[in-house]
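**Q** Let me give you the structure first, and then I'll get to my questions.
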Amino acid sequence: MFYRYLVLGFFTLSASSLLLKSSLIFWSSELFLKLSTQQKVYALLWGLRFDLASVGYIFGSLMIVIYLTLRVLRFKHIAWAWITWPLLLFIGMEVSDLIYFDNAGRHVSFEVNEIFREANGLVSTAIYSYPFSSLFFLLSAVGLLWLGPRRYAIKSTSFFSIEVPLVLGVFVSLLCIRGSIHDLPMNPDRVYAIGNEQMALIAMAPSYSMIFAALPDREELKPVYKLAPQPDQKFIDQQLGQYLEDKQGEYQPAQKKMNVILFLLESWPAEVMYSYNPQAPSTPSVTPELDALKKRGYSTDGVMASGHRTVSGVFSSLCSFPSPFDSQVVNTKLEAFDYRCLPKLLRDQGWQVSMFQGMHNGQTGNLAQKLGASASFGKLEMPPPTVEKNGWGYHDPDLYKFVLDKAKAEPDSFFYIINNATTHDQHLPPGEPWVFGRSNYDEIQKSVMHYADKALGQFVRDYDAAKLGPTLFIFTADHSAGPRSGPFGDYWLPFSMFATDASVPQKYVAGIGSQIDIAPTILDVLKGHAPWFAGRSLLAGTQAGGMFYRSGAINWVTGNSVIEAPLSDPDKAICYDWRKDLTKTNLRPCSAQDKNRGDFSQAFNWHTQHLLFSGKTAALGKKP
C-alpha cells in the first residue's frame with residue numbers, strides 16, 4: 001500500500017536524522033561534560049521538531065514527485081531511492097556539520113550557500129583532515145546506492161489508496177515545517193528556547209539549519225553601510241581615538257546583586273508623552289503613571305531607537321550595538337555570530353534571566369534566549385486570561401500578573417525583559433473607556449497607551465507591595481509607532497529608571513541617548529563594565545548623543561541638534577533643532593560642531609557596522 005511506503009519513508013528519515021545528530025555528543029564530548037545523560041537525551045528528543053521539519057521539507061516535496069510517477073507515468077512500483085537518496089543527503093549534511101563544528105564550534109548555517117563556490121577546498125579538507133568521516137560517508141553512499149534501485153510494489157491505485165494518503169502526508173509535512181498549527185515557519189534560533197546553550201547545540205538538527213539557510217526566501221544580508229564612501233584609516237583613527245580610548249580596560253563583572261526589570265514597551269513613542277514632549281496632551285495626560293515614575297528616579301529626554309522592529313530594539317538594548325541599517329540580526333547570517341550581551345553576562349553570574357511577552361514568544365523570545373536569557377514566556381505559556389485578549393495576545397494586566405507571580409517564586413536575583421502586547425494592537429477590553437476617542441489612529445493609539453500605562457503603574461505598586469528586595473526598574477521601548485510628526489519622532493523613545501533601594505539618583509539630565517546605551521547603563525548601576533559595549537552609561541550624561549538610521553541617512557542627535565547626513569554623500573548634511581522643530585520644517589545652517597559630530601558619526605557607524613558584519617563585536621574596545 002502507498003500509505004505504508006510514505007509512513008516508512010517518513011519514519012526512517014526522522015529516526016535517522018535523530019540518530020545522526022546524536023553523534024555530536026561523542027564527536028565533541030568535552031563540550032558537554034557538564035550535561036547529565038538525562039539532559040543529553042532530553043535535548044535530542046526536544047529537538048525532534050527540527051528533525052521532523054527537515055524531513056518535512058525533503059520528503060514532503062518528494063511525495064508530490066512520487067505521486068506524479070504513479071498517476072502521470074502510471075508506474076506500478078516505487079524505487080527505494082526515494083528514501084535512500086534523502087537519507088544519503090542527511091548523512092552528508094551531518095558529516096559536513098561535524099567537520100565544521102570541529103573548526104567553528106557551531107553548526108553550519110548561512111555558510112551552506114558557499115558550498116559550490118568553495119567545493120574543491122571543502123572536499124580536500126574533508127579527505128585529508130577527516131579521513132574516517134569521509135570513509136564513513138563513502139561506505140554509506142555505496143550501501144544506499146546499492147539499495148536504491150530496489151522497488152516497492154503498489155498493489156492498489158484507487159483514490160483512497162493514493163490521493164488520501166498523499167494529502168495527509170503533505171499536511172503532516174507542512175505542519176512539521178511550521179513547527180505547530182499556530183506558529184510561523186520555524187527559525188533555527190528557536191532552539192535556544194530549551195534554555196541551555198549546550199543542550200541547544202545537541203537539539204538542533206544540522207540538516208534543518210542548512211536547509212533553512214539555503215531557502216530562496218531567506219532574507220539576505222544587507223550591508224547598507226557600504227553605500228557610504230569608505231573612510232580611510234587615518235580619518236577613523238582621528239575621529240574615534242578618544243572614543244576607543246574610553247573603551248579600553250578589562251571586563252568588570254557586576255559587583256552589586258539586585259533584581260533588574262527592563263521594560264521594552266511595545267510601539268511606545270515618547271512624542272505623545274507630556275513628560276517628554278510639552279506639546280503632548282497634559283489634561284488628561286496620555287501616560288500619567290509613567291510620567292510620575294519618571295520623577296521617581298533618573299531620566300533623560302529619551303533615547304533613539306535602532307530600528308522599527310522589536311527584534312532590532314531587543315538586540316541593540318541588550319547587546320549595546322547598533323542593529324544593521326535597514327535590516328535586523330534575525331533571519332540573516334548575523335544571527336549565527338556569537339555576542340557577549342547583558343543577559344549572558346548576568347546569567348553567568350547567577351541571575352535568572354527571562355523574557356516575557358504578551359504575544360507569542362517567537363523570533364523575539366528566541367533572540368533573547370540566543371543572547372543569554374534562560375527562559376522565554378509568551379501567551380502560550382501563560383494561564384487563561386482574566387481580560388479579553390486582543391489580536392496579538394494578552395493584555396498587560398494579565399501579563400504583569402504572570403510576571404509578578406514568577407518574580408515571587410524566584411529563589412535569587414533575576415533579570416526580566418518585558419515586552420507588552422496591549423500597545424501592539426488598537427483594541428481595548430470591553431468596558432474600558434476610550435479616553436482620547438477612537439475616531440482616528442491618533443486617538444486610538446493614545447487611548448490604548450493610556451490603558452497600558454494604567455496597567456504599568458498598577459504593576460509597579462503591586463511589586464512594591466510584594467517587597468521582593470532591591471530592584472532596578474528601567475522604562476524604555478522597543479521602537480516607536482507612527483505616523484509621528486517627523487523623522488525624529490519616528491525613533492524617539494522614553495527612558496527613565498529608578499531603584500527601590502534609592503541607589504539610583506533622583507535626577508533629570510537633559511539630552512538624548514541611544515538604545516545602545518541601555519545595557520551599559522544597567523551594568524553601571526550594578527557596578528560592572530563591558531568595554532566592548534558600543535554605548536555609554538547614561539548615568540555619565542548624554543554628551544555622546546543618540547543615533548538612528550532612516551531612509552538612506554544617518555541622523556546624529558547631540559543636545560538639541562540633529563544632523564542628518566545621506567549615507568552615500570555625507571557632505572550634503574542638513575541640521576535642525578528637535579526641541580523647536582519636530583516636523584523638520586525649519587532647517588538651519590550646520591555649525592562647525594555639527595560638522596564634527598557628523599564626521600564622528602560617519603567613522604563610528606563604519607567601524608561598528610563593519611565589526612557587526614564581520615562577527616567581531618567583542619573587538620570594539622580595540623583600535624581599528
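Convention: chains lettered A, B, ... in C-alpha cells order; per-chain residue numbering from 1; ligands numbered from 1 as shown.
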Skip Ala619 (chain A) itself and residues of its chain fewer than 4 positions away, then list as a ChimeraX atom specification all residues within 12 Å of it, counting only C-alpha atoms.
**A** /A:244,247-248,321,338-340,530-534,607-608,610-612,614-615,623-624
**Q** What are the DSSP strand (DSSP E or B) residues of region 282-402 of chain A, as a ChimeraX atom specification?
**A** /A:282,285,298-299,303-304,352-357,375-377
**Q** Would you save the residues from that selection as an mmCIF file, in the first residue's frame, using N, CA, C and O atoms?
**A**
```cif
data_model
loop_
_atom_site.group_PDB
_atom_site.id
_atom_site.type_symbol
_atom_site.label_atom_id
_atom_site.label_comp_id
_atom_site.auth_asym_id
_atom_site.auth_seq_id
_atom_site.Cartn_x
_atom_site.Cartn_y
_atom_site.Cartn_z
ATOM 1 N N SER A 282 -1.692 67.265 28.273
ATOM 2 C CA SER A 282 -1.362 67.207 29.692
ATOM 3 C C SER A 282 -2.594 66.967 30.554
ATOM 4 O O SER A 282 -2.473 66.457 31.666
ATOM 5 N N SER A 285 -3.277 63.475 30.754
ATOM 6 C CA SER A 285 -2.021 63.005 30.195
ATOM 7 C C SER A 285 -2.233 61.625 29.579
ATOM 8 O O SER A 285 -3.021 60.822 30.080
ATOM 9 N N TYR A 298 16.034 58.464 37.874
ATOM 10 C CA TYR A 298 16.938 59.097 36.915
ATOM 11 C C TYR A 298 16.298 59.068 35.530
ATOM 12 O O TYR A 298 15.758 58.040 35.098
ATOM 13 N N SER A 299 16.364 60.197 34.815
ATOM 14 C CA SER A 299 15.742 60.243 33.489
ATOM 15 C C SER A 299 16.495 61.192 32.577
ATOM 16 O O SER A 299 17.262 62.058 33.029
ATOM 17 N N VAL A 303 15.763 58.169 24.414
ATOM 18 C CA VAL A 303 16.786 57.513 23.597
ATOM 19 C C VAL A 303 16.228 57.306 22.198
ATOM 20 O O VAL A 303 15.015 57.289 21.989
ATOM 21 N N MET A 304 17.115 57.143 21.242
ATOM 22 C CA MET A 304 16.708 56.917 19.858
ATOM 23 C C MET A 304 16.720 55.424 19.551
ATOM 24 O O MET A 304 17.636 54.693 19.968
ATOM 25 N N GLN A 352 18.754 34.865 37.246
ATOM 26 C CA GLN A 352 17.782 34.178 36.413
ATOM 27 C C GLN A 352 17.314 35.185 35.365
ATOM 28 O O GLN A 352 16.734 36.227 35.695
ATOM 29 N N VAL A 353 17.578 34.911 34.110
ATOM 30 C CA VAL A 353 17.267 35.851 33.035
ATOM 31 C C VAL A 353 16.093 35.311 32.217
ATOM 32 O O VAL A 353 16.160 34.201 31.678
ATOM 33 N N SER A 354 15.021 36.099 32.142
ATOM 34 C CA SER A 354 13.807 35.646 31.454
ATOM 35 C C SER A 354 13.228 36.757 30.581
ATOM 36 O O SER A 354 13.312 37.942 30.929
ATOM 37 N N MET A 355 12.665 36.342 29.466
ATOM 38 C CA MET A 355 11.972 37.254 28.552
ATOM 39 C C MET A 355 10.478 37.011 28.678
ATOM 40 O O MET A 355 10.027 35.855 28.680
ATOM 41 N N PHE A 356 9.691 38.086 28.778
ATOM 42 C CA PHE A 356 8.235 37.979 28.878
ATOM 43 C C PHE A 356 7.600 38.780 27.753
ATOM 44 O O PHE A 356 7.949 39.942 27.528
ATOM 45 N N GLN A 357 6.650 38.158 27.070
ATOM 46 C CA GLN A 357 5.903 38.836 26.013
ATOM 47 C C GLN A 357 4.418 38.527 26.147
ATOM 48 O O GLN A 357 4.041 37.399 26.474
ATOM 49 N N ALA A 375 15.069 31.657 29.878
ATOM 50 C CA ALA A 375 13.666 31.295 29.689
ATOM 51 C C ALA A 375 12.966 32.380 28.882
ATOM 52 O O ALA A 375 13.353 33.550 28.918
ATOM 53 N N SER A 376 11.947 31.967 28.144
ATOM 54 C CA SER A 376 11.139 32.899 27.362
ATOM 55 C C SER A 376 9.676 32.515 27.525
ATOM 56 O O SER A 376 9.306 31.362 27.302
ATOM 57 N N PHE A 377 8.859 33.481 27.916
ATOM 58 C CA PHE A 377 7.440 33.222 28.158
ATOM 59 C C PHE A 377 6.583 34.099 27.254
ATOM 60 O O PHE A 377 6.812 35.300 27.146
#
```
**Q** For each of A:Asn390, A:Thr300, A:Gln458, A:Ser28, take the minimum atom-to-atom distance to Ser537 (chain A), counting only C-alpha atoms, then give the residue where this is smallest.
**A** A:Thr300
**Q** List the neighbours of Ile474 (chain A) out to 10 Å using only C-alpha atoms; skip same-chain residues closer than 6 positions along the sequence, and give me the result as a PyMOL selection string.
**A** chain A and resi 260-264+294+297-299+417+495-499+518+521-522
**Q** Just to be explicit: take each residue in the selection above, keep N, CA and C atoms, and write the result as an mmCIF file, in the first residue's frame.
**A**
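Ended up saving to out_33.cif:
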```cif
data_model
loop_
_atom_site.group_PDB
_atom_site.id
_atom_site.type_symbol
_atom_site.label_atom_id
_atom_site.label_comp_id
_atom_site.auth_asym_id
_atom_site.auth_seq_id
_atom_site.Cartn_x
_atom_site.Cartn_y
_atom_site.Cartn_z
ATOM 1 N N VAL A 260 16.607 43.159 38.346
ATOM 2 C CA VAL A 260 16.542 44.141 37.264
ATOM 3 C C VAL A 260 15.317 43.822 36.408
ATOM 4 N N ILE A 261 14.484 44.834 36.163
ATOM 5 C CA ILE A 261 13.330 44.668 35.276
ATOM 6 C C ILE A 261 13.412 45.729 34.192
ATOM 7 N N LEU A 262 13.618 45.292 32.974
ATOM 8 C CA LEU A 262 13.724 46.179 31.816
ATOM 9 C C LEU A 262 12.429 46.117 31.015
ATOM 10 N N PHE A 263 11.730 47.230 30.918
ATOM 11 C CA PHE A 263 10.506 47.316 30.129
ATOM 12 C C PHE A 263 10.864 47.821 28.737
ATOM 13 N N LEU A 264 10.736 46.963 27.736
ATOM 14 C CA LEU A 264 10.839 47.368 26.342
ATOM 15 C C LEU A 264 9.413 47.506 25.835
ATOM 16 N N LYS A 294 8.771 58.669 36.140
ATOM 17 C CA LYS A 294 9.967 59.345 35.634
ATOM 18 C C LYS A 294 10.575 60.236 36.712
ATOM 19 N N GLY A 297 13.090 58.689 39.809
ATOM 20 C CA GLY A 297 14.495 58.323 39.726
ATOM 21 C C GLY A 297 15.255 59.136 38.700
ATOM 22 N N TYR A 298 16.034 58.464 37.874
ATOM 23 C CA TYR A 298 16.938 59.097 36.915
ATOM 24 C C TYR A 298 16.298 59.068 35.530
ATOM 25 N N SER A 299 16.364 60.197 34.815
ATOM 26 C CA SER A 299 15.742 60.243 33.489
ATOM 27 C C SER A 299 16.495 61.192 32.577
ATOM 28 N N ILE A 417 13.125 40.869 31.139
ATOM 29 C CA ILE A 417 12.897 41.753 29.998
ATOM 30 C C ILE A 417 11.437 41.600 29.609
ATOM 31 N N PHE A 495 12.957 57.176 28.254
ATOM 32 C CA PHE A 495 13.939 56.496 29.104
ATOM 33 C C PHE A 495 13.899 57.081 30.505
ATOM 34 N N SER A 496 13.699 56.212 31.485
ATOM 35 C CA SER A 496 13.811 56.590 32.893
ATOM 36 C C SER A 496 14.079 55.323 33.686
ATOM 37 N N MET A 497 14.604 55.489 34.884
ATOM 38 C CA MET A 497 14.859 54.330 35.733
ATOM 39 C C MET A 497 14.883 54.757 37.191
ATOM 40 N N PHE A 498 14.581 53.826 38.051
ATOM 41 C CA PHE A 498 14.712 54.059 39.480
ATOM 42 C C PHE A 498 15.017 52.736 40.161
ATOM 43 N N ALA A 499 15.579 52.826 41.361
ATOM 44 C CA ALA A 499 15.885 51.634 42.151
ATOM 45 C C ALA A 499 15.097 51.700 43.449
ATOM 46 N N ILE A 518 21.492 51.433 26.792
ATOM 47 C CA ILE A 518 20.689 50.785 27.837
ATOM 48 C C ILE A 518 21.521 49.762 28.615
ATOM 49 N N THR A 521 24.275 51.187 30.820
ATOM 50 C CA THR A 521 23.697 51.910 31.950
ATOM 51 C C THR A 521 23.299 50.939 33.058
ATOM 52 N N ILE A 522 22.656 49.840 32.684
ATOM 53 C CA ILE A 522 22.271 48.825 33.675
ATOM 54 C C ILE A 522 23.505 48.244 34.344
#
```
**Q** Excluding region 551-564 of chain A and its own-chain neighbours fewer than 5 positions away, which residues fall within 6 Å of it when counting only C-alpha atoms? Please give them as a PyMOL selection string.
**A** chain A and resi 511+545-546+573-578
**Q** Taking 6 positions as the minimum chain separation for residues in the same chain, which residues sit within 8 Å of Pro343 (chain A) when counting only C-alpha atoms? Answer as a list of chain:residue names.
**A**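 Contacts, in chain order: A:Leu318, A:Val353, A:Ala368, A:Leu371, A:Gly372, A:Ala373, A:Phe415.
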**Q** Write the residues of the selection above to a file with all heavy atoms, as a PDB file, in the first residue's frame.
**A**
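Result written to selection-v3.pdb:
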```pdb
ATOM      1  N   LEU A 318      20.056  45.067  24.486  1.00  0.00           N
ATOM      2  CA  LEU A 318      20.699  44.035  25.291  1.00  0.00           C
ATOM      3  C   LEU A 318      22.171  43.836  24.948  1.00  0.00           C
ATOM      4  O   LEU A 318      22.951  43.398  25.798  1.00  0.00           O
ATOM      5  CB  LEU A 318      19.958  42.712  25.138  1.00  0.00           C
ATOM      6  CG  LEU A 318      18.496  42.696  25.589  1.00  0.00           C
ATOM      7  CD1 LEU A 318      17.892  41.308  25.398  1.00  0.00           C
ATOM      8  CD2 LEU A 318      18.358  43.141  27.038  1.00  0.00           C
ATOM      9  N   VAL A 353      17.578  34.911  34.110  1.00  0.00           N
ATOM     10  CA  VAL A 353      17.267  35.851  33.035  1.00  0.00           C
ATOM     11  C   VAL A 353      16.093  35.311  32.217  1.00  0.00           C
ATOM     12  O   VAL A 353      16.160  34.201  31.678  1.00  0.00           O
ATOM     13  CB  VAL A 353      18.492  36.078  32.123  1.00  0.00           C
ATOM     14  CG1 VAL A 353      18.167  37.105  31.055  1.00  0.00           C
ATOM     15  CG2 VAL A 353      19.699  36.514  32.940  1.00  0.00           C
ATOM     16  N   ALA A 368      16.180  36.654  22.368  1.00  0.00           N
ATOM     17  CA  ALA A 368      16.578  36.911  23.759  1.00  0.00           C
ATOM     18  C   ALA A 368      17.305  35.712  24.348  1.00  0.00           C
ATOM     19  O   ALA A 368      18.296  35.863  25.077  1.00  0.00           O
ATOM     20  CB  ALA A 368      15.350  37.256  24.595  1.00  0.00           C
ATOM     21  N   LEU A 371      20.751  35.405  23.076  1.00  0.00           N
ATOM     22  CA  LEU A 371      21.619  36.398  23.680  1.00  0.00           C
ATOM     23  C   LEU A 371      21.890  36.134  25.152  1.00  0.00           C
ATOM     24  O   LEU A 371      22.603  36.901  25.790  1.00  0.00           O
ATOM     25  CB  LEU A 371      21.009  37.796  23.514  1.00  0.00           C
ATOM     26  CG  LEU A 371      20.732  38.228  22.067  1.00  0.00           C
ATOM     27  CD1 LEU A 371      20.128  39.617  22.036  1.00  0.00           C
ATOM     28  CD2 LEU A 371      21.985  38.155  21.213  1.00  0.00           C
ATOM     29  N   GLY A 372      21.284  35.045  25.694  1.00  0.00           N
ATOM     30  CA  GLY A 372      21.628  34.647  27.051  1.00  0.00           C
ATOM     31  C   GLY A 372      20.488  34.406  27.997  1.00  0.00           C
ATOM     32  O   GLY A 372      20.705  33.908  29.102  1.00  0.00           O
ATOM     33  N   ALA A 373      19.263  34.765  27.630  1.00  0.00           N
ATOM     34  CA  ALA A 373      18.133  34.511  28.522  1.00  0.00           C
ATOM     35  C   ALA A 373      17.934  33.009  28.685  1.00  0.00           C
ATOM     36  O   ALA A 373      18.054  32.243  27.722  1.00  0.00           O
ATOM     37  CB  ALA A 373      16.853  35.146  27.979  1.00  0.00           C
ATOM     38  N   PHE A 415      16.840  38.951  36.227  1.00  0.00           N
ATOM     39  CA  PHE A 415      16.816  39.999  35.208  1.00  0.00           C
ATOM     40  C   PHE A 415      15.657  39.675  34.280  1.00  0.00           C
ATOM     41  O   PHE A 415      15.698  38.685  33.560  1.00  0.00           O
ATOM     42  CB  PHE A 415      18.149  40.040  34.464  1.00  0.00           C
ATOM     43  CG  PHE A 415      18.197  41.006  33.306  1.00  0.00           C
ATOM     44  CD1 PHE A 415      17.409  42.141  33.266  1.00  0.00           C
ATOM     45  CD2 PHE A 415      19.050  40.781  32.232  1.00  0.00           C
ATOM     46  CE1 PHE A 415      17.453  43.043  32.204  1.00  0.00           C
ATOM     47  CE2 PHE A 415      19.120  41.659  31.160  1.00  0.00           C
ATOM     48  CZ  PHE A 415      18.314  42.785  31.145  1.00  0.00           C
TER      49      PHE A 415
END
```
**Q** Show me, as a list in words, the residues that have an atom within 10 Å of region 13-16 of chain A when counting only C-alpha atoms, minus same-chain residues fewer than 3 positions from it.
**A**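 In the requested format, the answer is Leu8, Gly9, Phe10, Leu19, Leu20, Lys21, Ser22, Leu48, Arg49, Phe50, Asp51, Leu52, Ala53, Ser54, Val55, Gly56, Ile58, Phe59, Ile83, Thr84, Pro86, Leu87, Leu88, Phe90 and Ile91 of chain A.
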**Q** As number ranges by chain, please: every residue in region 474-578 of chain A that a backbone DSSP assignment puts in alpha helix (DSSP H).
**A** A: 487-491, 518-525
**Q** For the residues selected in the previous step, produce a file with N, CA, C and O atoms as a PDB file, in the first residue's frame.
**A**
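Result saved to again.pdb:
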```pdb
ATOM      1  N   PRO A 487      10.593  62.749  11.275  1.00  0.00           N
ATOM      2  CA  PRO A 487      11.516  61.595  11.382  1.00  0.00           C
ATOM      3  C   PRO A 487      12.057  61.398  12.779  1.00  0.00           C
ATOM      4  O   PRO A 487      12.259  60.264  13.207  1.00  0.00           O
ATOM      5  N   PHE A 488      12.306  62.492  13.512  1.00  0.00           N
ATOM      6  CA  PHE A 488      12.824  62.359  14.873  1.00  0.00           C
ATOM      7  C   PHE A 488      11.826  61.595  15.739  1.00  0.00           C
ATOM      8  O   PHE A 488      12.196  60.681  16.482  1.00  0.00           O
ATOM      9  N   GLY A 489      10.561  61.940  15.647  1.00  0.00           N
ATOM     10  CA  GLY A 489       9.529  61.273  16.436  1.00  0.00           C
ATOM     11  C   GLY A 489       9.345  59.817  16.077  1.00  0.00           C
ATOM     12  O   GLY A 489       8.876  59.023  16.903  1.00  0.00           O
ATOM     13  N   ASP A 490       9.719  59.448  14.866  1.00  0.00           N
ATOM     14  CA  ASP A 490       9.601  58.053  14.446  1.00  0.00           C
ATOM     15  C   ASP A 490      10.537  57.131  15.229  1.00  0.00           C
ATOM     16  O   ASP A 490      10.342  55.921  15.240  1.00  0.00           O
ATOM     17  N   TYR A 491      11.572  57.713  15.847  1.00  0.00           N
ATOM     18  CA  TYR A 491      12.573  56.904  16.555  1.00  0.00           C
ATOM     19  C   TYR A 491      12.761  57.334  18.017  1.00  0.00           C
ATOM     20  O   TYR A 491      13.608  56.777  18.710  1.00  0.00           O
ATOM     21  N   ILE A 518      21.492  51.433  26.792  1.00  0.00           N
ATOM     22  CA  ILE A 518      20.689  50.785  27.837  1.00  0.00           C
ATOM     23  C   ILE A 518      21.521  49.762  28.615  1.00  0.00           C
ATOM     24  O   ILE A 518      21.581  49.797  29.850  1.00  0.00           O
ATOM     25  N   ALA A 519      22.151  48.822  27.924  1.00  0.00           N
ATOM     26  CA  ALA A 519      22.919  47.764  28.602  1.00  0.00           C
ATOM     27  C   ALA A 519      24.066  48.329  29.442  1.00  0.00           C
ATOM     28  O   ALA A 519      24.237  47.933  30.596  1.00  0.00           O
ATOM     29  N   PRO A 520      24.898  49.249  28.914  1.00  0.00           N
ATOM     30  CA  PRO A 520      25.970  49.779  29.760  1.00  0.00           C
ATOM     31  C   PRO A 520      25.449  50.572  30.955  1.00  0.00           C
ATOM     32  O   PRO A 520      26.105  50.613  32.007  1.00  0.00           O
ATOM     33  N   THR A 521      24.275  51.187  30.820  1.00  0.00           N
ATOM     34  CA  THR A 521      23.697  51.910  31.950  1.00  0.00           C
ATOM     35  C   THR A 521      23.299  50.939  33.058  1.00  0.00           C
ATOM     36  O   THR A 521      23.584  51.164  34.241  1.00  0.00           O
ATOM     37  N   ILE A 522      22.656  49.840  32.684  1.00  0.00           N
ATOM     38  CA  ILE A 522      22.271  48.825  33.675  1.00  0.00           C
ATOM     39  C   ILE A 522      23.505  48.244  34.344  1.00  0.00           C
ATOM     40  O   ILE A 522      23.570  48.107  35.569  1.00  0.00           O
ATOM     41  N   LEU A 523      24.516  47.921  33.541  1.00  0.00           N
ATOM     42  CA  LEU A 523      25.737  47.333  34.100  1.00  0.00           C
ATOM     43  C   LEU A 523      26.453  48.338  35.005  1.00  0.00           C
ATOM     44  O   LEU A 523      27.060  47.957  36.010  1.00  0.00           O
ATOM     45  N   ASP A 524      26.357  49.610  34.674  1.00  0.00           N
ATOM     46  CA  ASP A 524      26.954  50.644  35.506  1.00  0.00           C
ATOM     47  C   ASP A 524      26.286  50.690  36.881  1.00  0.00           C
ATOM     48  O   ASP A 524      26.963  50.796  37.913  1.00  0.00           O
ATOM     49  N   VAL A 525      24.957  50.616  36.907  1.00  0.00           N
ATOM     50  CA  VAL A 525      24.235  50.598  38.182  1.00  0.00           C
ATOM     51  C   VAL A 525      24.667  49.398  39.015  1.00  0.00           C
ATOM     52  O   VAL A 525      24.770  49.471  40.245  1.00  0.00           O
TER      53      VAL A 525
END
```
**Q** Check the smallest atom-to-atom distance from each of A:Lys333, A:Pro570, A:Gln242, A:Asn366 to Met186 (chain A) using only C-alpha atoms, then report the winner.
**A**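 The shortest atom-to-atom distance to Met186 (chain A) comes from A:Asn366.
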**Q** Quick one: residues within 10 Å of Gln363 (chain A), only C-alpha atoms, excluding same-chain residues fewer than 5 positions away - as an NGL selection string?
**A** :A and (184 or 186-190 or 310-311 or 330-331 or 368-369)
**Q** Nearest to Arg579 (chain A): which of A:Val460, A:Ile512, A:Ile444, A:Leu404 is it, counting only C-alpha atoms?
**A**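 Among the listed residues, A:Ile512 lies closest to Arg579 (chain A).
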**Q** May I ask which of the residues A:Trp85, A:Trp46, A:Phe337, A:Phe436 is the closest one to Gly195 (chain A), counting only C-alpha atoms?
**A**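 Checking each of A:Trp85, A:Trp46, A:Phe337, A:Phe436 against Gly195 (chain A), counting only C-alpha atoms, the winner is A:Trp46.
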**Q** Have a look at CA of Phe171 (chain A) and CA of Leu68 (chain A) and let me know their distance in Å, one decimal.
**A**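 The value is 17.4 Å.
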**Q** Could you state the separation of CA of Pro385 (chain A) and CA of Val403 (chain A) in Å, given to one decimal place?
**A**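 Straight-line distance from CA of Pro385 (chain A) to CA of Val403 (chain A) works out to 13.3 Å.
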**Q** Would you compute the distance between CA of Pro281 (chain A) and CA of Lys446 (chain A)? Give it in Å to one decimal.
**A**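 We find that CA of Pro281 (chain A) and CA of Lys446 (chain A) lie 9.7 Å from each other.
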